[in-house]
>>> print(open('target-v5.csv').read())   # CSV, C-alpha atoms
chain,number,residue,atom,x,y,z
R,1,MET,CA,-23.3,-5.5,9.9
R,2,VAL,CA,-20.5,-6.8,12.0
R,3,ARG,CA,-21.4,-9.7,14.2
R,4,LEU,CA,-19.7,-10.7,17.4
R,5,PHE,CA,-19.5,-14.4,18.3
R,6,LEU,CA,-19.0,-15.4,21.9
R,7,LEU,CA,-16.8,-18.5,22.6
R,8,LEU,CA,-18.6,-20.5,25.3
R,9,ALA,CA,-17.2,-23.3,27.4
R,10,LEU,CA,-18.5,-25.4,30.2
R,11,ALA,CA,-16.7,-24.6,33.5
R,12,PRO,CA,-16.8,-26.3,36.9
R,13,ALA,CA,-18.9,-24.6,39.6
R,14,ALA,CA,-17.1,-22.0,41.7
R,15,SER,CA,-15.3,-23.5,44.7
R,16,ALA,CA,-16.1,-22.8,48.3
R,17,ALA,CA,-15.6,-19.3,49.7
R,18,GLY,CA,-12.3,-18.6,51.2
R,19,VAL,CA,-10.0,-19.9,48.4
R,20,GLY,CA,-7.2,-17.6,47.4
R,21,PHE,CA,-5.4,-17.2,44.1
R,22,GLU,CA,-1.7,-16.4,43.6
R,23,THR,CA,-0.9,-13.3,41.5
R,24,ASP,CA,2.5,-12.4,40.1
R,25,ALA,CA,2.2,-8.7,39.4
R,26,HIS,CA,5.6,-7.9,37.9
R,27,PRO,CA,5.6,-7.1,34.2
R,28,ILE,CA,7.1,-9.5,31.7
R,29,ASN,CA,10.7,-9.1,30.8
R,30,ARG,CA,10.3,-7.1,27.6
R,31,THR,CA,14.1,-7.1,27.1
R,32,ALA,CA,14.1,-10.8,26.3
R,33,PRO,CA,14.3,-11.5,22.6
R,34,GLY,CA,10.8,-11.9,21.1
R,35,ALA,CA,9.0,-11.3,24.4
R,36,SER,CA,7.3,-8.1,23.4
R,37,TYR,CA,7.1,-5.5,20.6
R,38,ALA,CA,5.3,-3.0,22.8
R,39,ASP,CA,8.1,-0.4,23.0
R,40,MET,CA,8.6,-0.3,19.3
R,41,LEU,CA,4.9,-0.1,18.6
R,42,ALA,CA,4.3,2.6,21.1
R,43,ARG,CA,6.9,4.6,19.2
R,44,VAL,CA,5.5,4.2,15.7
R,45,MET,CA,1.7,4.0,16.3
R,46,PRO,CA,1.1,7.7,16.8
R,47,ALA,CA,2.0,8.1,13.1
R,48,VAL,CA,-0.9,5.9,12.1
R,49,VAL,CA,-4.3,7.6,11.5
R,50,SER,CA,-7.9,6.7,10.8
R,51,ILE,CA,-9.4,8.2,7.7
R,52,ARG,CA,-13.1,8.8,7.2
R,53,THR,CA,-14.9,10.1,4.1
R,54,ALA,CA,-18.2,11.8,4.2
R,55,GLU,CA,-20.7,13.8,2.2
R,56,VAL,CA,-22.0,17.2,3.4
R,57,ILE,CA,-25.7,17.2,4.2
R,58,PRO,CA,-27.1,20.5,2.9
R,59,GLN,CA,-28.9,22.7,5.4
R,60,SER,CA,-32.1,22.5,3.2
R,61,VAL,CA,-32.1,18.7,3.5
R,62,LEU,CA,-31.6,19.0,7.3
R,63,ASN,CA,-34.5,21.3,7.6
R,64,ARG,CA,-36.7,19.2,5.5
R,65,TYR,CA,-36.0,15.9,7.3
R,66,ARG,CA,-35.2,17.2,10.8
R,67,GLY,CA,-36.3,14.6,13.3
R,68,ARG,CA,-36.1,11.8,10.8
R,69,ILE,CA,-32.3,11.8,10.4
R,70,ASN,CA,-30.8,9.3,12.9
R,71,PRO,CA,-28.2,11.4,14.9
R,72,ASP,CA,-26.2,8.2,15.3
R,73,LYS,CA,-25.7,8.0,11.6
R,74,VAL,CA,-24.3,11.5,11.0
R,75,MET,CA,-21.4,13.4,12.4
R,76,LYS,CA,-20.3,17.0,12.9
R,77,ASP,CA,-17.3,18.6,11.3
R,78,SER,CA,-15.4,20.0,14.3
R,79,GLN,CA,-13.9,22.7,12.2
R,80,THR,CA,-16.8,23.9,10.1
R,81,GLY,CA,-19.8,22.7,12.1
R,82,GLU,CA,-21.3,21.1,8.9
R,83,THR,CA,-23.4,17.9,9.3
R,84,LEU,CA,-21.8,15.0,7.5
R,85,MET,CA,-23.0,11.6,6.4
R,86,PRO,CA,-20.1,9.1,6.8
R,87,MET,CA,-19.4,7.1,3.6
R,88,GLY,CA,-16.1,5.2,4.0
R,89,LEU,CA,-13.5,4.2,6.5
R,90,GLY,CA,-9.8,3.5,6.1
R,91,SER,CA,-6.4,4.1,7.6
R,92,GLY,CA,-3.2,6.0,6.7
R,93,THR,CA,0.3,6.9,7.8
R,94,ILE,CA,1.8,10.4,8.4
R,95,ILE,CA,5.1,10.4,6.4
R,96,HIS,CA,6.2,14.0,7.1
R,97,PRO,CA,5.8,16.0,10.2
R,98,ASP,CA,4.2,18.9,8.2
R,99,GLY,CA,1.1,16.8,7.7
R,100,TYR,CA,1.6,14.6,4.6
R,101,VAL,CA,-0.4,11.4,4.8
R,102,ILE,CA,-0.4,8.4,2.5
R,103,THR,CA,-3.3,6.1,2.1
R,104,ASN,CA,-5.1,4.1,-0.7
R,105,ARG,CA,-6.8,5.8,-3.5
R,106,HIS,CA,-9.9,3.7,-2.9
R,107,VAL,CA,-10.1,5.0,0.6
R,108,VAL,CA,-10.7,8.6,-0.4
R,109,MET,CA,-13.0,8.0,-3.4
R,110,SER,CA,-16.7,8.7,-3.4
R,111,SER,CA,-19.2,5.8,-3.3
R,112,ASP,CA,-19.4,5.7,-7.1
R,113,GLY,CA,-15.7,5.3,-7.3
R,114,LYS,CA,-15.4,8.0,-10.0
R,115,SER,CA,-14.5,11.1,-8.0
R,116,ILE,CA,-12.8,12.1,-4.8
R,117,SER,CA,-15.0,12.3,-1.8
R,118,GLN,CA,-16.3,15.8,-0.8
R,119,THR,CA,-14.9,15.5,2.7
R,120,VAL,CA,-11.9,13.5,4.0
R,121,ILE,CA,-11.3,13.6,7.7
R,122,VAL,CA,-8.0,12.4,9.3
R,123,GLN,CA,-8.1,11.5,13.0
R,124,LEU,CA,-4.9,11.1,15.0
R,125,GLN,CA,-4.5,8.8,17.9
R,126,ASP,CA,-4.7,11.7,20.3
R,127,ARG,CA,-8.2,12.2,18.8
R,128,ARG,CA,-7.3,15.4,17.0
R,129,GLU,CA,-9.2,15.7,13.7
R,130,PHE,CA,-8.2,17.5,10.5
R,131,ARG,CA,-10.0,18.0,7.3
R,132,ALA,CA,-7.6,16.8,4.7
R,133,LYS,CA,-6.8,18.0,1.2
R,134,VAL,CA,-6.2,15.3,-1.4
R,135,LEU,CA,-3.1,16.4,-3.2
R,136,GLY,CA,-3.3,13.6,-5.8
R,137,VAL,CA,-4.3,10.0,-6.5
R,138,ASP,CA,-2.8,7.4,-8.7
R,139,PRO,CA,-5.3,4.8,-10.0
R,140,THR,CA,-2.6,2.6,-11.5
R,141,THR,CA,-1.1,1.8,-8.0
R,142,ASP,CA,-4.1,2.7,-5.7
R,143,ILE,CA,-2.0,5.3,-3.9
R,144,ALA,CA,-3.2,8.7,-2.6
R,145,VAL,CA,-1.4,11.5,-0.8
R,146,LEU,CA,-3.3,13.8,1.6
R,147,LYS,CA,-2.2,17.0,3.4
R,148,VAL,CA,-3.5,18.2,6.7
R,149,ASP,CA,-2.8,21.6,8.4
R,150,GLY,CA,-0.5,20.3,11.1
R,151,ARG,CA,3.1,20.9,12.2
R,152,ASN,CA,5.5,18.7,14.1
R,153,LEU,CA,3.2,15.7,13.7
R,154,PRO,CA,4.4,12.2,14.5
R,155,SER,CA,5.7,10.6,11.3
R,156,ALA,CA,7.0,7.2,10.1
R,157,LYS,CA,10.2,6.6,8.1
R,158,PHE,CA,10.4,4.3,5.1
R,159,ALA,CA,12.3,1.0,4.9
R,160,ASP,CA,14.0,-0.2,1.7
R,161,SER,CA,11.4,-2.7,0.6
R,162,ASP,CA,13.8,-4.2,-1.9
R,163,LYS,CA,15.7,-5.7,1.0
R,164,ALA,CA,12.7,-7.5,2.5
R,165,ARG,CA,12.8,-11.3,2.6
R,166,VAL,CA,10.2,-14.0,3.0
R,167,GLY,CA,10.0,-14.8,6.7
R,168,ASP,CA,10.7,-11.2,8.0
R,169,VAL,CA,8.4,-10.3,10.9
R,170,VAL,CA,5.9,-7.6,10.1
R,171,PHE,CA,3.0,-5.7,11.8
R,172,ALA,CA,-0.2,-4.4,10.2
R,173,ILE,CA,-1.7,-1.4,11.9
R,174,GLY,CA,-5.0,0.3,11.2
R,175,ASN,CA,-8.7,0.6,12.1
R,176,PRO,CA,-10.2,-2.7,10.9
R,177,LEU,CA,-14.0,-2.8,10.9
R,178,ASP,CA,-14.0,0.5,12.9
R,179,ALA,CA,-13.0,-1.5,15.9
R,180,GLY,CA,-10.3,1.1,16.8
R,181,MET,CA,-6.6,1.2,16.2
R,182,THR,CA,-5.4,-2.4,16.1
R,183,VAL,CA,-2.1,-4.2,15.6
R,184,THR,CA,-1.8,-7.6,14.0
R,185,SER,CA,1.4,-9.5,13.4
R,186,GLY,CA,2.8,-12.0,10.9
R,187,ILE,CA,5.5,-12.5,8.4
R,188,VAL,CA,6.3,-11.6,4.8
R,189,SER,CA,4.7,-14.5,3.1
R,190,ALA,CA,5.8,-13.7,-0.5
R,191,LEU,CA,7.2,-10.9,-2.6
R,192,GLY,CA,6.5,-9.5,-6.1
R,193,ARG,CA,2.8,-10.5,-6.3
R,194,SER,CA,1.3,-9.2,-9.5
R,195,GLY,CA,-0.8,-10.2,-12.5
R,196,LYS,CA,-2.9,-13.3,-11.8
R,197,GLN,CA,-1.5,-13.3,-8.3
R,198,GLY,CA,-2.2,-9.6,-7.8
R,199,MET,CA,-5.3,-7.4,-7.8
R,200,GLY,CA,-5.5,-6.3,-11.5
R,201,LEU,CA,-3.8,-2.9,-11.1
R,202,LEU,CA,-1.6,-1.6,-14.0
R,203,PHE,CA,1.5,-1.4,-11.7
R,204,GLU,CA,1.8,-4.1,-9.0
R,205,ASP,CA,4.6,-5.4,-6.9
R,206,PHE,CA,2.7,-6.5,-3.7
R,207,ILE,CA,4.2,-7.8,-0.5
R,208,GLN,CA,2.1,-10.7,0.6
R,209,THR,CA,1.6,-11.1,4.4
R,210,ASP,CA,-0.4,-13.3,6.8
R,211,ALA,CA,-0.8,-10.5,9.3
R,212,ALA,CA,-4.5,-10.1,9.6
R,213,ILE,CA,-5.9,-7.4,7.3
R,214,ASN,CA,-9.6,-6.5,7.2
R,215,PRO,CA,-11.8,-3.8,5.8
R,216,GLY,CA,-10.7,-0.5,7.4
R,217,ASN,CA,-7.0,-1.5,7.3
R,218,SER,CA,-6.8,-0.2,3.8
R,219,GLY,CA,-4.1,2.5,3.6
R,220,GLY,CA,-2.5,1.6,6.9
R,221,PRO,CA,1.1,0.7,7.3
R,222,LEU,CA,2.9,-2.7,7.2
R,223,MET,CA,5.7,-2.1,9.7
R,224,ASP,CA,8.9,-4.0,9.9
R,225,PHE,CA,10.6,-5.3,13.0
R,226,GLU,CA,12.3,-2.0,13.5
R,227,GLY,CA,9.2,0.1,13.2
R,228,ARG,CA,9.8,1.3,9.6
R,229,LEU,CA,7.2,1.6,7.0
R,230,LEU,CA,7.7,-1.5,4.8
R,231,GLY,CA,4.4,-1.3,2.9
R,232,MET,CA,0.8,0.0,2.7
R,233,ASN,CA,-1.9,-2.5,3.4
R,234,THR,CA,-4.2,-2.5,0.4
R,235,ALA,CA,-6.2,-5.6,-0.2
R,236,ILE,CA,-7.0,-9.2,0.9
R,237,LYS,CA,-7.7,-12.3,-1.1
R,238,SER,CA,-10.7,-13.9,0.3
R,239,GLU,CA,-13.9,-15.7,-0.7
R,240,ASN,CA,-16.0,-14.2,2.0
R,241,GLY,CA,-14.5,-10.7,2.5
R,242,GLY,CA,-12.7,-11.6,5.7
R,243,SER,CA,-9.1,-12.1,6.5
R,244,VAL,CA,-7.9,-15.6,5.6
R,245,GLY,CA,-4.2,-14.9,5.9
R,246,ILE,CA,-3.5,-13.5,2.4
R,247,GLY,CA,-3.0,-9.8,2.5
R,248,TYR,CA,-1.4,-7.5,0.0
R,249,SER,CA,0.7,-4.5,0.8
R,250,ILE,CA,2.2,-2.0,-1.7
R,251,PRO,CA,6.0,-2.0,-1.1
R,252,ALA,CA,7.7,1.1,0.4
R,253,ASN,CA,9.9,1.8,-2.6
R,254,LEU,CA,6.9,2.0,-5.0
R,255,ILE,CA,5.1,4.2,-2.5
R,256,VAL,CA,8.0,6.6,-2.3
R,257,SER,CA,8.3,7.0,-6.1
R,258,VAL,CA,4.6,7.7,-6.5
R,259,ALA,CA,4.1,9.8,-3.3
R,260,LEU,CA,6.9,12.2,-4.2
R,261,ASP,CA,5.3,13.0,-7.5
R,262,LEU,CA,1.8,13.3,-6.0
R,263,ALA,CA,3.0,15.5,-3.1
R,264,ASN,CA,5.0,17.9,-5.3
R,265,THR,CA,3.0,18.0,-8.6
R,266,GLY,CA,-0.3,16.2,-8.0
R,267,LYS,CA,0.4,13.7,-10.8
R,268,VAL,CA,2.7,10.8,-11.4
R,269,VAL,CA,5.3,11.0,-14.2
R,270,ARG,CA,6.5,7.6,-15.4
R,271,GLY,CA,9.0,6.5,-17.9
R,272,LEU,CA,8.4,4.5,-21.1
R,273,ILE,CA,10.6,3.2,-23.9
R,274,GLY,CA,7.9,1.7,-26.2
R,275,VAL,CA,8.2,-2.1,-25.9
R,276,GLN,CA,6.0,-5.0,-24.9
R,277,GLY,CA,7.4,-8.2,-23.7
R,278,GLU,CA,6.9,-11.7,-22.4
R,279,ASP,CA,8.8,-13.9,-19.9
R,280,LEU,CA,11.3,-16.2,-21.6
R,281,PRO,CA,10.4,-19.9,-20.9
R,282,LEU,CA,12.9,-21.7,-18.7
R,283,ALA,CA,13.9,-24.1,-21.4
R,284,GLU,CA,15.0,-21.2,-23.6
R,285,ALA,CA,16.6,-19.3,-20.8
R,286,THR,CA,18.7,-22.4,-19.9
R,287,LYS,CA,20.1,-22.4,-23.5
R,288,PHE,CA,21.5,-18.9,-22.9
R,289,SER,CA,22.7,-19.7,-19.3
R,290,ILE,CA,20.3,-17.1,-17.9
R,291,SER,CA,17.9,-19.4,-16.1
R,292,LYS,CA,18.8,-18.0,-12.7
R,293,SER,CA,17.5,-14.5,-13.4
R,294,GLY,CA,14.7,-13.0,-15.4
R,295,ALA,CA,14.8,-12.6,-19.2
R,296,VAL,CA,12.2,-10.9,-21.4
R,297,ARG,CA,11.6,-11.4,-25.1
R,298,ILE,CA,10.4,-8.3,-26.9
R,299,THR,CA,7.1,-8.9,-28.6
R,300,VAL,CA,6.2,-5.3,-29.7
R,301,VAL,CA,8.4,-2.3,-30.5
R,302,SER,CA,6.4,0.9,-31.0
R,303,GLU,CA,7.4,2.8,-34.1
R,304,GLY,CA,9.1,6.1,-33.4
R,305,ARG,CA,9.5,5.5,-29.7
R,306,ALA,CA,12.7,5.3,-27.6
R,307,ALA,CA,13.3,1.6,-28.0
R,308,ALA,CA,13.0,1.7,-31.8
R,309,LYS,CA,15.3,4.7,-31.9
R,310,ALA,CA,17.9,2.7,-29.9
R,311,GLY,CA,17.8,-0.2,-32.4
R,312,LEU,CA,15.8,-2.7,-30.4
R,313,LYS,CA,13.8,-5.3,-32.4
R,314,VAL,CA,11.0,-7.8,-31.9
R,315,GLY,CA,12.6,-11.0,-30.7
R,316,ASP,CA,15.5,-9.4,-28.8
R,317,ILE,CA,15.9,-10.9,-25.3
R,318,ILE,CA,16.5,-8.3,-22.6
R,319,VAL,CA,18.5,-9.7,-19.7
R,320,ALA,CA,19.6,-6.7,-17.6
R,321,LEU,CA,18.7,-3.1,-17.0
R,322,ASP,CA,21.6,-0.8,-16.2
R,323,GLY,CA,23.6,-3.9,-15.5
R,324,LYS,CA,21.1,-5.3,-13.0
R,325,PRO,CA,19.0,-8.4,-13.3
R,326,PHE,CA,15.3,-8.5,-12.9
R,327,GLU,CA,12.7,-11.1,-12.0
R,328,ASN,CA,10.2,-11.0,-14.9
R,329,TRP,CA,8.4,-8.8,-17.4
R,330,ASN,CA,6.4,-7.1,-14.6
R,331,ASP,CA,9.6,-6.3,-12.7
R,332,LEU,CA,11.3,-4.9,-15.8
R,333,ARG,CA,8.2,-2.8,-16.7
R,334,LEU,CA,8.1,-1.4,-13.2
R,335,ALA,CA,11.8,-0.5,-13.2
R,336,ILE,CA,11.4,1.3,-16.5
R,337,SER,CA,8.4,3.2,-15.2
R,338,ARG,CA,10.3,4.5,-12.2
R,339,HIS,CA,12.7,6.3,-14.5
R,340,LYS,CA,12.0,9.9,-15.4
R,341,PRO,CA,11.8,11.3,-19.0
R,342,GLY,CA,15.3,12.1,-20.2
R,343,ASP,CA,17.0,9.4,-18.2
R,344,VAL,CA,19.4,7.3,-20.2
R,345,MET,CA,19.3,3.5,-19.4
R,346,GLY,CA,21.5,0.7,-20.5
R,347,LEU,CA,19.8,-2.4,-21.7
R,348,ASN,CA,21.7,-5.6,-22.0
R,349,PHE,CA,20.1,-7.9,-24.6
R,350,ILE,CA,20.7,-11.0,-26.7
R,351,ARG,CA,20.1,-11.1,-30.5
R,352,ASP,CA,20.8,-14.2,-32.6
R,353,GLY,CA,22.7,-15.7,-29.7
R,354,ARG,CA,25.0,-12.8,-29.2
R,355,GLY,CA,25.0,-10.4,-26.3
R,356,SER,CA,24.9,-6.7,-26.8
R,357,ILE,CA,24.1,-3.4,-25.0
R,358,THR,CA,22.2,-0.3,-26.1
R,359,ARG,CA,21.5,3.1,-24.5
R,360,VAL,CA,17.9,4.1,-24.4
R,361,THR,CA,16.6,7.6,-23.6
R,362,VAL,CA,13.4,7.3,-21.5
R,363,GLU,CA,10.2,9.1,-22.7
R,364,GLU,CA,7.2,10.1,-20.7
R,365,ARG,CA,4.4,7.5,-20.4
R,366,ARG,CA,1.3,9.2,-21.8
R,367,LEU,CA,-2.2,8.8,-20.2
R,368,GLY,CA,-3.6,5.4,-21.2
R,369,GLU,CA,-0.3,3.8,-22.2
>>> encode(input="target-v5.csv", output="structure tokens")
Amino acid sequence: MVRLFLLLALAPAASAAGVGFETDAHPINRTAPGASYADMLARVMPAVVSIRTAEVIPQSVLNRYRGRINPDKVMKDSQTGETLMPMGLGSGTIIHPDGYVITNRHVVMSSDGKSISQTVIVQLQDRREFRAKVLGVDPTTDIAVLKVDGRNLPSAKFADSDKARVGDVVFAIGNPLDAGMTVTSGIVSALGRSGKQGMGLLFEDFIQTDAAINPGNSGGPLMDFEGRLLGMNTAIKSENGGSVGIGYSIPANLIVSVALDLANTGKVVRGLIGVQGEDLPLAEATKFSISKSGAVRITVVSEGRAAAKAGLKVGDIIVALDGKPFENWNDLRLAISRHKPGDVMGLNFIRDGRGSITRVTVEERRLGE
């Protein structure tokens, strides 16, 4: 149950009748830097949707319990006329005018978390409702892609999340606690949250923000200052379930790589080369003059897989992928996973103090790997 707390204050008694008050009715100067984000938000908010999941109440159950089912607890499907029992609430973003919507996987799952909900209803801000088809979900990133039967719908464009910096202004939009479409603002608080700092997903690269995120915001957008989709609000770190200023959003570039696969094939195809690694301690990295970028020591090379075929060995220190540095083992693993089977990557590595490079042909990551 959501509780509302009133803020009370003692105020002086009303003054005698006849006192007037001055009003300045002109709107604020919204062209002044930082004065208002209203125009930008008015442009992008129509692409943000509310998402409800529900289970169909069979007619036999309705007949049996007619009069005992609270009408305030059920809803009617405007398209089919079926009676539905609401189960979950979340948000989403239309990313294509033909009705493709992104949200979190956990938003569209049934209450047991093991299957997709029977009914997923997408409501636009003009109050139009669509029953959505779930094209695919990815449990390793908590991303889902939906399709509604619409045309020329308002849609959002993606930003390049790799260019985000700590301190950038951001806006979280969604339907928190079923309060209605809401905007909160903040900044990018941190980048690359994963592992112990993440939420325990297999692939994580969260943007951390202090824009208020609450239950119901899940799946909604984190917009940048220009109204582009920088991330998808997914989770909060909190001891009591409420917003304490630590919210996590899946970055746009990871969303795009997953959503394209889900929209076109219903599943995600990821690359793998067959290694496990660990971050190189700073003291060792300093010896090799690579302390300013990430370095990963290979701890496992899977027999017969791509890395082994390319000649990589346990103890080799990977310092660049396709000539580009990376932050850590999680960053390298994510970069490899975004390659498609058959892609050829160049890996720069150090062995016995000497630098070298090898070409590795990416394989497909099998289920469970």
>>> residues_around(input="target-v5.csv", residues="region 259-271 of chain R", least_positions_apart="4", cutoff="9 Å", atoms="all atoms listed in the file", output="number ranges by chain")
R: 100, 102, 134-138, 143-147, 254-255, 335-343, 362-366
>>> closest_residue(input="target-v5.csv", among="R:Ala47, R:Val301, R:Ile273, R:Leu222", to="Gln123 (chain R)", atoms="only C-alpha atoms")
R:Ala47
>>> residues_around(input="target-v5.csv", residues="Glu204 (chain R)", least_positions_apart="4", cutoff="9 Å", atoms="all atoms listed in the file", output="list in words")
Thr140, Thr141, Gly192, Arg193, Ser194, Gly195, Gly198, Met199, Gly200, Ile250, Leu254, Asn330, Asp331 and Leu334 of chain R
>>> write_last_selection(input="target-v5.csv", atoms="C-alpha atoms", output="short mmCIF file (atom, residue, chain, number, x, y, z; two decimals), keeping the file's coordinate frame")
data_model
loop_
_atom_site.label_atom_id
_atom_site.label_comp_id
_atom_site.auth_asym_id
_atom_site.auth_seq_id
_atom_site.Cartn_x
_atom_site.Cartn_y
_atom_site.Cartn_z
CA THR R 140 -2.60 2.60 -11.50
CA THR R 141 -1.10 1.80 -8.00
CA GLY R 192 6.50 -9.50 -6.10
CA ARG R 193 2.80 -10.50 -6.30
CA SER R 194 1.30 -9.20 -9.50
CA GLY R 195 -0.80 -10.20 -12.50
CA GLY R 198 -2.20 -9.60 -7.80
CA MET R 199 -5.30 -7.40 -7.80
CA GLY R 200 -5.50 -6.30 -11.50
CA ILE R 250 2.20 -2.00 -1.70
CA LEU R 254 6.90 2.00 -5.00
CA ASN R 330 6.40 -7.10 -14.60
CA ASP R 331 9.60 -6.30 -12.70
CA LEU R 334 8.10 -1.40 -13.20
#
>>> residues_around(input="target-v5.csv", residues="Val319 (chain R)", least_positions_apart="2", cutoff="7 Å", atoms="only C-alpha atoms", output="ChimeraX atom specification")
/R:294-296,317,325,348-349
>>> residues_around(input="target-v5.csv", residues="Val56 (chain R)", least_positions_apart="6", cutoff="7 Å", atoms="all atoms listed in the file", output="compact mmCIF listing (two decimals) with C-alpha atoms, in the frame of the given file")
# COMPACT_ATOMS: atom_id res chain seq x y z
CA GLU R 82 -21.30 21.10 8.90
CA THR R 83 -23.40 17.90 9.30
CA LEU R 84 -21.80 15.00 7.50
CA MET R 85 -23.00 11.60 6.40
>>> closest_atom_pairs(input="target-v5.csv", of="region 230-307 of chain R", to="region 150-165 of chain R", cutoff="8 Å", atoms="only C-alpha atoms", output="JSON lines")
{"residue": "R:Leu230", "atom": "CA", "partner": "R:Ala159", "partner_atom": "CA", "distance": 5.2}
{"residue": "R:Gly231", "atom": "CA", "partner": "R:Ser161", "partner_atom": "CA", "distance": 7.5}
{"residue": "R:Pro251", "atom": "CA", "partner": "R:Ser161", "partner_atom": "CA", "distance": 5.7}
{"residue": "R:Ala252", "atom": "CA", "partner": "R:Ser161", "partner_atom": "CA", "distance": 5.3}
{"residue": "R:Asn253", "atom": "CA", "partner": "R:Ser161", "partner_atom": "CA", "distance": 5.7}
>>> atom_distance(input="target-v5.csv", atom1="CA of Thr23 (chain R)", atom2="CA of Ser36 (chain R)")
20.5 Å
>>> atom_distance(input="target-v5.csv", atom1="CA of Ile318 (chain R)", atom2="CA of Gly304 (chain R)")
19.5 Å
>>> residues_around(input="target-v5.csv", residues="Ile69 (chain R)", least_positions_apart="5", cutoff="12 Å", atoms="all atoms listed in the file", output="CSV table (one decimal) with C-alpha atoms, keeping the file's coordinate frame")
chain,number,residue,atom,x,y,z
R,57,ILE,CA,-25.7,17.2,4.2
R,61,VAL,CA,-32.1,18.7,3.5
R,62,LEU,CA,-31.6,19.0,7.3
R,63,ASN,CA,-34.5,21.3,7.6
R,64,ARG,CA,-36.7,19.2,5.5
R,74,VAL,CA,-24.3,11.5,11.0
R,75,MET,CA,-21.4,13.4,12.4
R,83,THR,CA,-23.4,17.9,9.3
R,84,LEU,CA,-21.8,15.0,7.5
R,85,MET,CA,-23.0,11.6,6.4
>>> residues_near_point(input="target-v5.csv", point="(-1.1, -10.2, 13.8)", cutoff="7 Å", atoms="all atoms listed in the file", output="JSON, numbers by chain")
{"R": [171, 172, 183, 184, 185, 186, 211, 212]}
>>> atom_distance(input="target-v5.csv", atom1="CA of Ser289 (chain R)", atom2="CA of Phe326 (chain R)")
14.9 Å
>>> closest_residue(input="target-v5.csv", among="R:Ala235, R:Ile121, R:Ala190, R:Ile357", to="Thr80 (chain R)", atoms="all atoms listed in the file")
R:Ile121
>>> closest_residue(input="target-v5.csv", among="R:Asp224, R:Asp322, R:Asp98, R:Glu239", to="Val360 (chain R)", atoms="all atoms listed in the file")
R:Asp322
>>> closest_residue(input="target-v5.csv", among="R:Leu177, R:Met345, R:Val44, R:Ala310", to="Gly88 (chain R)", atoms="all atoms listed in the file")
R:Leu177
>>> closest_residue(input="target-v5.csv", among="R:Ser78, R:Gln197, R:Gln276, R:Thr119", to="Ile51 (chain R)", atoms="all atoms listed in the file")
R:Thr119
>>> closest_residue(input="target-v5.csv", among="R:Leu89, R:Phe225, R:Val101, R:Ile95", to="Asn175 (chain R)", atoms="all atoms listed in the file")
R:Leu89
